[in-house]
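Shown next: data.txt, containing compact mmCIF, C-alpha atoms.
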# COMPACT_ATOMS: atom_id res chain seq x y z
CA VAL N 1 46.29 -35.23 -318.42
CA GLY N 2 47.86 -37.42 -321.10
CA ALA N 3 44.50 -37.99 -322.74
CA SER N 4 43.75 -34.25 -322.81
CA GLY N 5 47.16 -33.67 -324.37
CA THR N 6 46.34 -36.17 -327.08
CA VAL N 7 43.05 -34.37 -327.84
CA ILE N 8 44.83 -31.00 -327.99
CA ASN N 9 47.53 -32.46 -330.21
CA VAL N 10 45.02 -33.83 -332.72
CA ALA N 11 42.81 -30.70 -332.65
CA VAL N 12 45.69 -28.26 -333.13
CA LEU N 13 47.19 -30.45 -335.84
CA TYR N 14 43.92 -30.44 -337.76
CA ALA N 15 43.30 -26.71 -337.28
CA SER N 16 46.82 -25.79 -338.36
CA GLN N 17 46.84 -28.08 -341.35
CA GLU N 18 43.40 -27.17 -342.61
CA PHE N 19 43.02 -23.50 -341.65
CA LEU N 20 45.89 -21.66 -339.94
CA LEU N 21 48.67 -22.62 -342.35
CA ARG N 22 46.69 -22.88 -345.58
CA GLY N 23 49.02 -20.24 -347.06
CA ILE N 24 51.83 -22.85 -347.26
CA ALA N 25 51.26 -24.58 -350.56
CA ASP N 26 53.50 -27.60 -350.06
CA PHE N 27 51.52 -30.23 -348.12
CA HIS N 28 54.50 -31.93 -346.44
CA MET N 29 56.11 -28.62 -345.45
CA ARG N 30 52.76 -27.47 -343.99
CA LEU N 31 52.43 -30.78 -342.13
CA ASN N 32 55.86 -30.38 -340.52
CA PHE N 33 54.93 -26.94 -339.18
CA SER N 34 51.52 -28.20 -338.07
CA ILE N 35 53.08 -31.09 -336.15
CA ALA N 36 55.55 -28.74 -334.45
CA ILE N 37 52.73 -26.38 -333.36
CA ALA N 38 50.57 -29.29 -332.18
CA ILE N 39 53.37 -30.83 -330.11
CA THR N 40 54.23 -27.43 -328.59
CA CYS N 41 50.63 -26.74 -327.54
CA ALA N 42 50.16 -30.26 -326.15
CA THR N 43 53.45 -30.09 -324.24
CA ILE N 44 52.59 -26.73 -322.66
CA SER N 45 49.13 -27.99 -321.67
CA ASN N 46 50.52 -31.23 -320.24
CA PHE N 47 53.16 -29.38 -318.24
CA TYR N 48 50.60 -26.94 -316.79
CA TRP N 49 48.11 -29.61 -315.73
CA ASN N 50 50.75 -32.06 -314.52
CA ARG N 51 52.15 -29.33 -312.31
CA ARG N 52 48.68 -28.39 -311.06
CA LEU N 53 47.26 -31.90 -310.70
CA THR N 54 49.60 -34.88 -311.03
CA TRP N 55 52.46 -33.59 -308.87
CA ARG N 56 50.65 -30.86 -306.95
CA ASP N 57 51.75 -32.46 -303.64
CA ARG N 58 55.39 -31.60 -304.49
CA ARG N 59 54.96 -27.95 -305.43
CA HIS N 60 56.41 -26.81 -302.10
CA GLN N 61 59.35 -29.21 -302.40
CA VAL N 62 60.49 -28.18 -305.90
CA HIS N 63 62.38 -24.91 -305.52
CA HIS N 64 62.80 -23.97 -309.18
CA SER N 65 61.14 -21.46 -311.48
CA ALA N 66 58.37 -22.59 -313.79
CA LEU N 67 60.59 -21.85 -316.81
CA PHE N 68 63.36 -24.09 -315.46
CA LEU N 69 60.88 -26.89 -314.73
CA PHE N 70 59.39 -26.51 -318.20
CA ALA N 71 62.84 -26.92 -319.76
CA LYS N 72 63.32 -30.17 -317.82
CA TYR N 73 59.82 -31.27 -318.80
CA VAL N 74 60.56 -30.64 -322.49
CA MET N 75 63.76 -32.66 -322.14
CA ALA N 76 61.80 -35.58 -320.69
CA ALA N 77 59.17 -35.22 -323.42
CA GLY N 78 61.88 -35.24 -326.07
CA LEU N 79 63.32 -38.44 -324.68
CA ALA N 80 59.83 -39.96 -324.70
CA ILE N 81 59.40 -38.99 -328.37
CA VAL N 82 62.70 -40.68 -329.23
CA VAL N 83 61.60 -43.78 -327.30
CA GLN N 84 58.24 -43.78 -329.10
CA SER N 85 59.87 -43.48 -332.54
CA LEU N 86 62.39 -46.24 -331.95
CA LEU N 87 59.79 -48.59 -330.45
CA THR N 88 57.36 -47.95 -333.32
CA LYS N 89 59.98 -48.85 -335.92
CA TRP N 90 61.10 -51.94 -333.99
CA LEU N 91 57.61 -53.24 -333.18
CA SER N 92 56.41 -52.65 -336.74
CA LEU N 93 58.67 -55.50 -337.78
CA TYR N 94 56.41 -57.88 -335.83
CA MET N 95 52.93 -56.26 -336.05
CA HIS N 96 50.87 -53.70 -337.98
CA TYR N 97 52.43 -50.26 -337.80
CA LEU N 98 49.29 -48.64 -336.27
CA LEU N 99 49.19 -51.23 -333.49
CA ALA N 100 52.93 -50.83 -333.03
CA ASN N 101 52.45 -47.07 -332.71
CA LEU N 102 49.76 -47.49 -330.04
CA VAL N 103 51.97 -49.83 -328.01
CA ALA N 104 54.90 -47.44 -328.40
CA ILE N 105 52.76 -44.50 -327.26
CA ALA N 106 51.72 -46.40 -324.11
CA LEU N 107 55.31 -47.35 -323.26
CA ALA N 108 56.61 -43.87 -324.09
CA SER N 109 53.94 -42.34 -321.85
CA LEU N 110 55.07 -44.57 -319.00
CA PHE N 111 58.66 -43.54 -319.68
CA SER N 112 57.67 -39.87 -319.72
CA PHE N 113 55.81 -40.19 -316.42
CA VAL N 114 58.75 -41.87 -314.69
CA ALA N 115 61.21 -39.35 -316.14
CA ASN N 116 59.16 -36.38 -314.91
CA ASP N 117 58.47 -38.04 -311.57
CA ARG N 118 62.18 -38.68 -310.98
CA MET N 119 63.68 -35.66 -312.71
CA THR N 120 61.33 -32.70 -313.21
CA PHE N 121 59.12 -32.88 -310.12
CA ARG N 122 61.35 -35.02 -307.95
CA ARG N 123 61.35 -34.75 -304.18
CA ARG N 124 64.52 -33.65 -302.47
CA ARG N 125 66.37 -36.70 -301.27
CA ALA N 126 68.15 -36.32 -297.95
CA ALA N 127 69.95 -39.61 -298.46
CA LEU N 128 71.62 -38.34 -301.62
CA GLY N 129 72.81 -35.25 -299.78
CA TYR N 130 74.09 -37.42 -296.97
CA LEU N 131 76.14 -39.48 -299.42
CA PHE N 132 77.37 -36.51 -301.45
CA GLY N 133 81.14 -36.62 -301.85
CA LEU N 134 81.44 -40.01 -300.18
CA GLY N 135 84.24 -41.02 -302.53
CA GLY N 136 86.06 -37.68 -302.46
CA ASP N 137 89.11 -36.67 -300.46
CA HIS N 138 88.01 -33.08 -299.78
CA ILE N 139 85.21 -33.75 -297.28
CA PRO N 140 85.78 -32.90 -293.60
CA ARG N 141 87.46 -35.82 -291.88
CA ASN N 142 89.84 -36.73 -289.12
CA GLY N 143 93.46 -37.28 -290.10
CA ASP N 144 93.37 -40.75 -288.54
CA GLU N 145 91.40 -41.94 -291.55
CA LEU N 146 94.57 -41.64 -293.63
CA VAL N 147 96.46 -43.83 -291.17
CA TYR N 148 93.60 -46.31 -291.18
CA ALA N 149 93.64 -46.52 -294.98
CA HIS N 150 97.44 -46.78 -295.00
CA ILE N 151 97.60 -49.72 -292.58
CA ALA N 152 94.68 -51.52 -294.24
CA ARG N 153 96.19 -51.17 -297.71
CA LEU N 154 99.68 -52.36 -296.72
CA THR N 155 98.25 -55.30 -294.77
CA ALA N 156 96.11 -56.28 -297.76
CA ALA N 157 99.20 -56.10 -299.99
CA SER N 158 100.99 -58.54 -297.67
CA GLY N 159 98.32 -61.16 -298.41
CA HIS N 160 97.76 -61.99 -294.72
CA TRP N 161 95.23 -60.94 -292.09
CA LEU N 162 97.94 -60.49 -289.46
CA PRO N 163 100.21 -58.90 -288.50
CA LEU N 164 99.00 -55.41 -289.35
CA VAL N 165 101.57 -53.68 -291.52
CA SER N 166 102.61 -50.03 -291.39
CA SER N 167 105.54 -48.03 -292.72
CA PHE N 168 105.14 -45.32 -290.07
CA ASP N 169 107.93 -46.02 -287.61
CA PHE N 170 106.93 -43.07 -285.46
CA MET N 171 103.31 -44.22 -285.03
CA ARG N 172 102.28 -47.43 -283.27
CA ASN N 173 98.81 -48.76 -283.94
CA THR N 174 96.86 -49.58 -280.78
CA LYS N 175 93.53 -50.55 -282.32
CA PRO N 176 92.16 -54.09 -282.76
CA PRO N 177 92.28 -55.52 -286.28
CA VAL N 178 88.62 -55.79 -287.30
CA LEU N 179 88.40 -52.18 -288.44
CA PHE N 180 91.32 -52.76 -290.81
CA TRP N 181 89.96 -56.13 -291.92
CA GLN N 182 86.72 -54.39 -292.82
CA ALA N 183 88.60 -52.05 -295.15
CA MET N 184 90.56 -54.94 -296.67
CA VAL N 185 87.38 -56.84 -297.48
CA ALA N 186 85.58 -53.71 -298.74
CA GLY N 187 88.50 -52.98 -301.07
CA ASP N 188 88.61 -56.59 -302.28
CA TRP N 189 92.20 -56.90 -301.02
CA GLY N 190 93.36 -54.00 -303.15
CA ALA N 191 91.55 -54.97 -306.37
CA HIS N 192 89.03 -52.10 -305.98
CA TRP N 193 90.69 -49.72 -303.58
CA THR N 194 88.66 -46.49 -303.40
CA LEU N 195 87.61 -44.14 -300.63
CA LEU N 196 83.99 -44.91 -301.51
CA ARG N 197 84.44 -48.60 -300.72
CA LEU N 198 86.45 -47.72 -297.63
CA ARG N 199 83.66 -45.60 -296.17
CA LEU N 200 80.51 -47.46 -297.21
CA PRO N 201 80.60 -50.05 -294.38
CA SER N 202 80.56 -47.31 -291.75
CA ILE N 203 77.67 -45.61 -293.52
CA ALA N 204 75.77 -48.92 -293.51
CA TYR N 205 76.46 -49.33 -289.78
CA THR N 206 75.30 -45.77 -289.10
CA TRP N 207 72.03 -46.20 -290.99
CA ALA N 208 71.40 -49.56 -289.31
CA THR N 209 71.78 -47.93 -285.90
CA ALA N 210 69.49 -45.09 -286.97
CA LEU N 211 66.91 -47.70 -287.98
CA MET N 212 67.11 -49.25 -284.49
CA VAL N 213 66.64 -45.79 -282.94
CA GLY N 214 63.57 -45.20 -285.09
CA LEU N 215 62.06 -48.61 -284.35
CA LEU N 216 62.66 -48.23 -280.63
CA THR N 217 60.99 -44.80 -280.59
CA TRP N 218 58.06 -46.23 -282.53
CA LYS N 219 57.68 -49.09 -280.06
CA ILE N 220 57.85 -46.81 -277.02
CA LEU N 221 55.16 -44.50 -278.38
CA ARG N 222 52.99 -47.46 -279.36
CA SER N 223 53.14 -49.01 -275.91
CA GLU N 224 53.23 -45.99 -273.59
CA ARG N 225 49.43 -45.84 -273.55
CA ALA N 226 48.74 -49.52 -273.55
CA GLY N 227 46.03 -48.97 -270.95
CA ASP N 228 44.11 -46.53 -273.16
CA SER N 229 41.91 -47.41 -276.10
CA VAL N 230 44.39 -47.64 -278.94
CA GLY N 231 43.28 -47.97 -282.53
CA ALA N 232 45.11 -48.73 -285.73
CA ALA N 233 48.73 -47.59 -286.04
CA GLY N 234 48.82 -46.36 -282.46
CA ALA N 235 45.94 -43.89 -282.80
CA THR N 236 44.42 -42.42 -279.63
CA PRO N 237 41.77 -39.75 -279.19
CA ASP N 238 44.50 -37.05 -279.01
CA ARG N 239 47.09 -38.73 -281.23
CA PRO N 240 46.48 -39.38 -284.94
CA ALA N 241 47.32 -42.64 -286.64
CA GLY N 242 50.88 -42.65 -287.88
CA HIS N 243 52.15 -40.41 -285.07
CA ALA N 244 54.47 -43.12 -283.77
CA VAL N 245 55.88 -43.73 -287.26
CA SER N 246 56.52 -40.01 -287.77
CA MET N 247 58.24 -39.63 -284.40
CA GLY N 248 60.33 -42.73 -285.08
CA ALA N 249 61.51 -41.19 -288.35
CA ILE N 250 62.32 -37.92 -286.58
CA ALA N 251 64.31 -39.80 -283.94
CA ALA N 252 66.36 -41.52 -286.66
CA ILE N 253 67.04 -38.17 -288.36
CA VAL N 254 68.10 -36.59 -285.07
CA PHE N 255 70.48 -39.48 -284.48
CA LEU N 256 72.00 -39.04 -287.95
CA SER N 257 72.42 -35.32 -287.27
CA PHE N 258 74.15 -35.78 -283.93
CA PHE N 259 77.31 -37.33 -282.52
CA THR N 260 77.70 -40.45 -284.65
CA THR N 261 77.45 -38.52 -287.91
CA TYR N 262 79.47 -35.39 -287.29
CA ARG N 263 82.14 -36.49 -284.87
CA TYR N 264 85.46 -35.60 -286.54
CA GLY N 265 83.47 -34.23 -289.48
CA ARG N 266 82.38 -37.64 -290.73
CA PRO N 267 83.29 -40.79 -288.78
CA TYR N 268 84.27 -43.13 -291.58
CA MET N 269 86.93 -44.61 -289.35
CA THR N 270 85.49 -44.49 -285.85
CA SER N 271 82.25 -44.83 -283.90
CA ALA N 272 79.80 -46.40 -286.37
CA PRO N 273 80.67 -50.14 -286.08
CA GLU N 274 81.03 -50.35 -282.32
CA THR N 275 77.99 -48.10 -281.83
CA PHE N 276 75.92 -50.57 -283.84
CA TRP N 277 77.07 -53.70 -281.98
CA LEU N 278 76.93 -52.24 -278.48
CA PHE N 279 73.66 -50.40 -278.92
CA GLY N 280 72.22 -53.52 -280.56
CA ILE N 281 72.48 -55.35 -277.22
CA PHE N 282 70.28 -52.84 -275.45
CA PHE N 283 67.97 -52.48 -278.45
CA ALA N 284 67.28 -56.23 -278.26
CA MET N 285 66.57 -55.97 -274.53
CA ALA N 286 64.22 -53.01 -274.95
CA TRP N 287 62.45 -54.60 -277.91
CA SER N 288 61.63 -57.82 -276.06
CA PRO N 289 62.93 -57.60 -272.47
CA ALA N 290 60.80 -60.23 -270.76
CA ARG N 291 61.47 -62.97 -273.28
CA LEU N 292 65.15 -62.25 -273.82
CA MET N 293 66.30 -61.40 -270.32
CA ALA N 294 64.55 -64.43 -268.84
CA SER N 295 66.50 -66.78 -271.11
CA ARG N 296 69.26 -68.74 -269.40
CA TRP N 297 71.86 -68.82 -272.14
CA GLN N 298 70.43 -67.55 -275.47
CA PHE N 299 70.60 -63.84 -274.72
CA PRO N 300 73.90 -63.99 -272.76
CA LEU N 301 75.47 -65.85 -275.67
CA LEU N 302 74.25 -63.38 -278.32
CA ALA N 303 75.05 -60.35 -276.16
CA GLY N 304 78.53 -61.68 -275.41
CA LEU N 305 79.24 -62.20 -279.11
CA ALA N 306 77.98 -58.70 -279.96
CA LEU N 307 80.08 -57.22 -277.14
CA GLY N 308 83.15 -59.07 -278.39
CA ILE N 309 82.67 -57.86 -281.97
CA GLY N 310 82.15 -54.28 -280.79
CA SER N 311 85.27 -54.50 -278.66
CA LEU N 312 87.26 -55.90 -281.59
CA TYR N 313 86.35 -52.75 -283.47
CA LYS N 314 87.39 -50.35 -280.70
CA SER N 315 88.79 -51.58 -277.39
CA PHE N 316 88.33 -54.12 -274.61
CA ALA N 317 87.40 -51.14 -272.40
CA MET N 318 83.93 -51.25 -274.01
CA VAL N 319 83.14 -54.13 -271.63
CA VAL N 320 82.98 -51.75 -268.65
CA PRO N 321 80.10 -49.43 -269.72
CA VAL N 322 78.20 -52.29 -271.33
CA GLY N 323 78.50 -54.45 -268.20
CA PHE N 324 77.33 -51.57 -266.02
CA GLY N 325 74.39 -50.91 -268.34
CA LEU N 326 73.40 -54.58 -268.33
CA ALA N 327 73.45 -54.62 -264.53
CA LEU N 328 71.12 -51.61 -264.46
CA CYS N 329 68.75 -53.30 -266.92
CA TYR N 330 68.53 -56.51 -264.92
CA GLN N 331 67.96 -54.53 -261.72
CA SER N 332 65.14 -52.53 -263.32
CA VAL N 333 63.42 -55.71 -264.54
CA GLY N 334 63.50 -57.05 -260.99
CA ALA N 335 62.15 -53.83 -259.51
CA GLY N 336 59.13 -55.63 -258.16
CA GLN N 337 61.45 -57.78 -256.03
CA ALA N 338 63.25 -55.17 -253.96
CA PRO N 339 65.94 -53.89 -256.36
CA TRP N 340 69.52 -53.26 -255.22
CA LYS N 341 69.16 -55.68 -252.32
CA ILE N 342 71.86 -58.31 -252.46
CA PHE N 343 69.52 -61.07 -251.27
CA ARG N 344 66.84 -60.30 -253.83
CA ARG N 345 65.60 -63.48 -255.43
CA GLY N 346 67.40 -64.07 -258.71
CA VAL N 347 70.08 -61.40 -258.19
CA PHE N 348 72.80 -64.04 -258.11
CA THR N 349 71.60 -65.58 -261.37
CA ASP N 350 71.33 -62.15 -263.02
CA GLY N 351 74.82 -61.28 -261.82
CA LEU N 352 76.17 -64.47 -263.33
CA LYS N 353 74.53 -63.61 -266.65
CA VAL N 354 76.15 -60.16 -266.71
CA ALA N 355 79.51 -61.65 -265.76
CA ALA N 356 79.17 -64.33 -268.45
CA ILE N 357 78.37 -61.74 -271.10
CA CYS N 358 81.40 -59.63 -270.16
CA ALA N 359 83.67 -62.68 -269.97
CA LEU N 360 82.54 -63.94 -273.36
CA GLY N 361 83.11 -60.49 -274.88
CA LEU N 362 86.64 -60.35 -273.44
CA ALA N 363 87.36 -63.90 -274.60
CA LEU N 364 86.30 -63.08 -278.16
CA PHE N 365 88.37 -59.90 -278.09
CA SER N 366 91.48 -61.76 -276.90
CA LEU N 367 91.40 -64.27 -279.77
CA TRP N 368 93.22 -61.96 -282.16
CA PHE N 369 96.31 -61.90 -279.94

What do you get writing this file as structure tokens?
Amino acid sequence: VGASGTVINVAVLYASQEFLLRGIADFHMRLNFSIAIAITCATISNFYWNRRLTWRDRRHQVHHSALFLFAKYVMAAGLAIVVQSLLTKWLSLYMHYLLANLVAIALASLFSFVANDRMTFRRRRAALGYLFGLGGDHIPRNGDELVYAHIARLTAASGHWLPLVSSFDFMRNTKPPVLFWQAMVAGDWGAHWTLLRLRLPSIAYTWATALMVGLLTWKILRSERAGDSVGAAGATPDRPAGHAVSMGAIAAIVFLSFFTTYRYGRPYMTSAPETFWLFGIFFAMAWSPARLMASRWQFPLLAGLALGIGSLYKSFAMVVPVGFGLALCYQSVGAGQAPWKIFRRGVFTDGLKVAAICALGLALFSLWF
């Protein structure tokens, strides 16, 4: 498309200069008009063919009129012309001006392509919409976020990790300190205290959990037909390659659209950190259950630490559902050995592992006292 635009530019320039505008006696004045007509024709042609060919896969994603897109395209082309002019003048100091112009044209074309790819024909970005207004104070939120920011800011001003400081005599904080410490570190102890920095860690936790959800869905779909003839990327006779990847992405999007995202409007204060650490335990088990659950101390140690960190974000009560879930997982792994029977081989060892994980989580939680 760029090459055709160059041909059109040269042809229209020649035709205008030699035939169409012969009535203008002044050569330089005629050349200015000829250049303007040539650039206009080449720009219109490039826009038409770029829309039909280069970015045709995005035509259903760009919801703007052709006139609006053309205005953005002209803006990008104008920026490319400025880039080309400046580069030509700068490079001509070190090489012949014709060679400098060719190099500048190549670099300006690359600039124009990137500008149109990112600006004119850009895809809609869900992530940008998700982060819209992240630093503002008018987004839907729970009032507890204000208390969270208040305690974190006053504690940071004291210069100490503990005790947590608050000027609200009528409100007693009952949460562990890690959530407030997170805000203190994110705000650089008050040096860069903004709502954007306050909320970014929870967004990172939420996206990390969504990634685990997507990976787990992908793994389940890849392995559910292990007995069938499976080709590349999980392809089966009735399932195209890439199906598992697509479903994993959908699972992550559903997670982002559900409880963890929209609880209290947006959960910048609650849910995201402890969800990540507690779900991470079961994600690790589901990702590699045989290797991890058979370990004597590696998995109990890591799971206990994750449980303790999650509890330090929320409450020691998190030990109860996690312990119950771990017991269910160990029972299901031993299903071939008469599950739920107290004398099943290995049930005592598995019970000790679950108890050790819960005890380690409680021990880590109690350190802050």

May I ask for the distance between atom CA of Met95 of chain N and atom CA of Val83 of chain N, given in Å to one decimal place? 17.5 Å

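Of note, atom CA of Ala327 of chain N and atom CA of Val354 of chain N are spaced 6.5 Å apart.
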
How many Å lie between atom CA of Ala186 of chain N and atom CA of Ala152 of chain N, rounded to one decimal? 10.4 Å

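Closest to Leu292 of chain N among N:Ala306, N:Trp161, N:Ala249, N:Tyr330 is N:Tyr330, based on only C-alpha atoms.
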
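Those residues that approach Thr54 of chain N to within 10 Å, counting all atoms listed in the file, are Val1, Asn46, Phe47, Tyr48, Trp49, Asn50, Arg58, Phe113, Asp117 and Phe121 of chain N; same-chain residues fewer than 4 positions away are not listed.
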
Contacts of Thr194 of chain N within 10 Å, only C-alpha atoms, excl. fewer than 3 positions in-chain, as a ChimeraX atom specification: /N:135-136,149,183,186-187,190-191,197-199

Export N, CA, C and O atoms of segment 35-58 of chain N from the structure just given, as a PDB file, in the first residue's frame?
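Writing the result to selection-v4.pdb gives the following:
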ATOM      1  N   ILE N  35       2.318  19.688  -5.138  1.00  0.00           N
ATOM      2  CA  ILE N  35       2.673  18.824  -3.999  1.00  0.00           C
ATOM      3  C   ILE N  35       1.457  18.589  -3.108  1.00  0.00           C
ATOM      4  O   ILE N  35       1.209  17.462  -2.658  1.00  0.00           O
ATOM      5  N   ALA N  36       0.681  19.642  -2.860  1.00  0.00           N
ATOM      6  CA  ALA N  36      -0.505  19.506  -2.001  1.00  0.00           C
ATOM      7  C   ALA N  36      -1.506  18.527  -2.621  1.00  0.00           C
ATOM      8  O   ALA N  36      -2.076  17.667  -1.931  1.00  0.00           O
ATOM      9  N   ILE N  37      -1.735  18.655  -3.946  1.00  0.00           N
ATOM     10  CA  ILE N  37      -2.675  17.737  -4.616  1.00  0.00           C
ATOM     11  C   ILE N  37      -2.137  16.312  -4.594  1.00  0.00           C
ATOM     12  O   ILE N  37      -2.885  15.343  -4.355  1.00  0.00           O
ATOM     13  N   ALA N  38      -0.839  16.142  -4.833  1.00  0.00           N
ATOM     14  CA  ALA N  38      -0.240  14.806  -4.850  1.00  0.00           C
ATOM     15  C   ALA N  38      -0.340  14.144  -3.475  1.00  0.00           C
ATOM     16  O   ALA N  38      -0.702  12.956  -3.364  1.00  0.00           O
ATOM     17  N   ILE N  39      -0.039  14.876  -2.426  1.00  0.00           N
ATOM     18  CA  ILE N  39      -0.115  14.316  -1.073  1.00  0.00           C
ATOM     19  C   ILE N  39      -1.552  13.953  -0.726  1.00  0.00           C
ATOM     20  O   ILE N  39      -1.821  12.911  -0.125  1.00  0.00           O
ATOM     21  N   THR N  40      -2.511  14.813  -1.121  1.00  0.00           N
ATOM     22  CA  THR N  40      -3.919  14.535  -0.836  1.00  0.00           C
ATOM     23  C   THR N  40      -4.375  13.249  -1.522  1.00  0.00           C
ATOM     24  O   THR N  40      -5.009  12.372  -0.892  1.00  0.00           O
ATOM     25  N   CYS N  41      -4.055  13.109  -2.804  1.00  0.00           N
ATOM     26  CA  CYS N  41      -4.461  11.896  -3.536  1.00  0.00           C
ATOM     27  C   CYS N  41      -3.807  10.647  -2.954  1.00  0.00           C
ATOM     28  O   CYS N  41      -4.463   9.603  -2.795  1.00  0.00           O
ATOM     29  N   ALA N  42      -2.514  10.730  -2.633  1.00  0.00           N
ATOM     30  CA  ALA N  42      -1.813   9.580  -2.079  1.00  0.00           C
ATOM     31  C   ALA N  42      -2.362   9.214  -0.699  1.00  0.00           C
ATOM     32  O   ALA N  42      -2.506   8.025  -0.381  1.00  0.00           O
ATOM     33  N   THR N  43      -2.691  10.219   0.101  1.00  0.00           N
ATOM     34  CA  THR N  43      -3.225   9.949   1.436  1.00  0.00           C
ATOM     35  C   THR N  43      -4.581   9.276   1.361  1.00  0.00           C
ATOM     36  O   THR N  43      -4.865   8.327   2.093  1.00  0.00           O
ATOM     37  N   ILE N  44      -5.452   9.774   0.463  1.00  0.00           N
ATOM     38  CA  ILE N  44      -6.781   9.155   0.304  1.00  0.00           C
ATOM     39  C   ILE N  44      -6.645   7.712  -0.169  1.00  0.00           C
ATOM     40  O   ILE N  44      -7.322   6.799   0.336  1.00  0.00           O
ATOM     41  N   SER N  45      -5.765   7.483  -1.142  1.00  0.00           N
ATOM     42  CA  SER N  45      -5.560   6.120  -1.640  1.00  0.00           C
ATOM     43  C   SER N  45      -5.012   5.205  -0.541  1.00  0.00           C
ATOM     44  O   SER N  45      -5.493   4.075  -0.369  1.00  0.00           O
ATOM     45  N   ASN N  46      -4.021   5.684   0.186  1.00  0.00           N
ATOM     46  CA  ASN N  46      -3.442   4.871   1.264  1.00  0.00           C
ATOM     47  C   ASN N  46      -4.476   4.544   2.330  1.00  0.00           C
ATOM     48  O   ASN N  46      -4.529   3.419   2.842  1.00  0.00           O
ATOM     49  N   PHE N  47      -5.285   5.527   2.703  1.00  0.00           N
ATOM     50  CA  PHE N  47      -6.314   5.282   3.716  1.00  0.00           C
ATOM     51  C   PHE N  47      -7.302   4.220   3.240  1.00  0.00           C
ATOM     52  O   PHE N  47      -7.650   3.304   3.992  1.00  0.00           O
ATOM     53  N   TYR N  48      -7.753   4.343   1.986  1.00  0.00           N
ATOM     54  CA  TYR N  48      -8.739   3.391   1.447  1.00  0.00           C
ATOM     55  C   TYR N  48      -8.184   1.969   1.456  1.00  0.00           C
ATOM     56  O   TYR N  48      -8.829   1.036   1.954  1.00  0.00           O
ATOM     57  N   TRP N  49      -6.965   1.793   0.930  1.00  0.00           N
ATOM     58  CA  TRP N  49      -6.423   0.446   0.808  1.00  0.00           C
ATOM     59  C   TRP N  49      -5.934  -0.104   2.151  1.00  0.00           C
ATOM     60  O   TRP N  49      -6.000  -1.312   2.388  1.00  0.00           O
ATOM     61  N   ASN N  50      -5.457   0.765   3.032  1.00  0.00           N
ATOM     62  CA  ASN N  50      -5.101   0.284   4.368  1.00  0.00           C
ATOM     63  C   ASN N  50      -6.334  -0.206   5.116  1.00  0.00           C
ATOM     64  O   ASN N  50      -6.278  -1.200   5.840  1.00  0.00           O
ATOM     65  N   ARG N  51      -7.437   0.497   4.942  1.00  0.00           N
ATOM     66  CA  ARG N  51      -8.678   0.076   5.596  1.00  0.00           C
ATOM     67  C   ARG N  51      -9.213  -1.213   4.992  1.00  0.00           C
ATOM     68  O   ARG N  51      -9.763  -2.055   5.702  1.00  0.00           O
ATOM     69  N   ARG N  52      -9.046  -1.376   3.673  1.00  0.00           N
ATOM     70  CA  ARG N  52      -9.548  -2.575   3.004  1.00  0.00           C
ATOM     71  C   ARG N  52      -8.614  -3.765   3.128  1.00  0.00           C
ATOM     72  O   ARG N  52      -9.075  -4.919   3.126  1.00  0.00           O
ATOM     73  N   LEU N  53      -7.306  -3.521   3.237  1.00  0.00           N
ATOM     74  CA  LEU N  53      -6.337  -4.606   3.199  1.00  0.00           C
ATOM     75  C   LEU N  53      -5.552  -4.758   4.501  1.00  0.00           C
ATOM     76  O   LEU N  53      -5.618  -5.798   5.150  1.00  0.00           O
ATOM     77  N   THR N  54      -4.803  -3.735   4.880  1.00  0.00           N
ATOM     78  CA  THR N  54      -3.859  -3.866   5.990  1.00  0.00           C
ATOM     79  C   THR N  54      -4.562  -4.194   7.303  1.00  0.00           C
ATOM     80  O   THR N  54      -4.165  -5.108   8.028  1.00  0.00           O
ATOM     81  N   TRP N  55      -5.610  -3.421   7.610  1.00  0.00           N
ATOM     82  CA  TRP N  55      -6.315  -3.620   8.891  1.00  0.00           C
ATOM     83  C   TRP N  55      -7.746  -4.096   8.663  1.00  0.00           C
ATOM     84  O   TRP N  55      -8.653  -3.736   9.405  1.00  0.00           O
ATOM     85  N   ARG N  56      -7.956  -4.917   7.629  1.00  0.00           N
ATOM     86  CA  ARG N  56      -9.312  -5.388   7.346  1.00  0.00           C
ATOM     87  C   ARG N  56      -9.850  -6.279   8.462  1.00  0.00           C
ATOM     88  O   ARG N  56     -11.064  -6.391   8.627  1.00  0.00           O
ATOM     89  N   ASP N  57      -8.943  -6.931   9.250  1.00  0.00           N
ATOM     90  CA  ASP N  57      -9.402  -7.814  10.324  1.00  0.00           C
ATOM     91  C   ASP N  57      -9.992  -7.036  11.492  1.00  0.00           C
ATOM     92  O   ASP N  57     -10.590  -7.628  12.388  1.00  0.00           O
ATOM     93  N   ARG N  58      -9.836  -5.697  11.494  1.00  0.00           N
ATOM     94  CA  ARG N  58     -10.341  -4.892  12.619  1.00  0.00           C
ATOM     95  C   ARG N  58     -11.552  -4.042  12.230  1.00  0.00           C
ATOM     96  O   ARG N  58     -11.984  -3.202  13.017  1.00  0.00           O
TER      97      ARG N  58
END
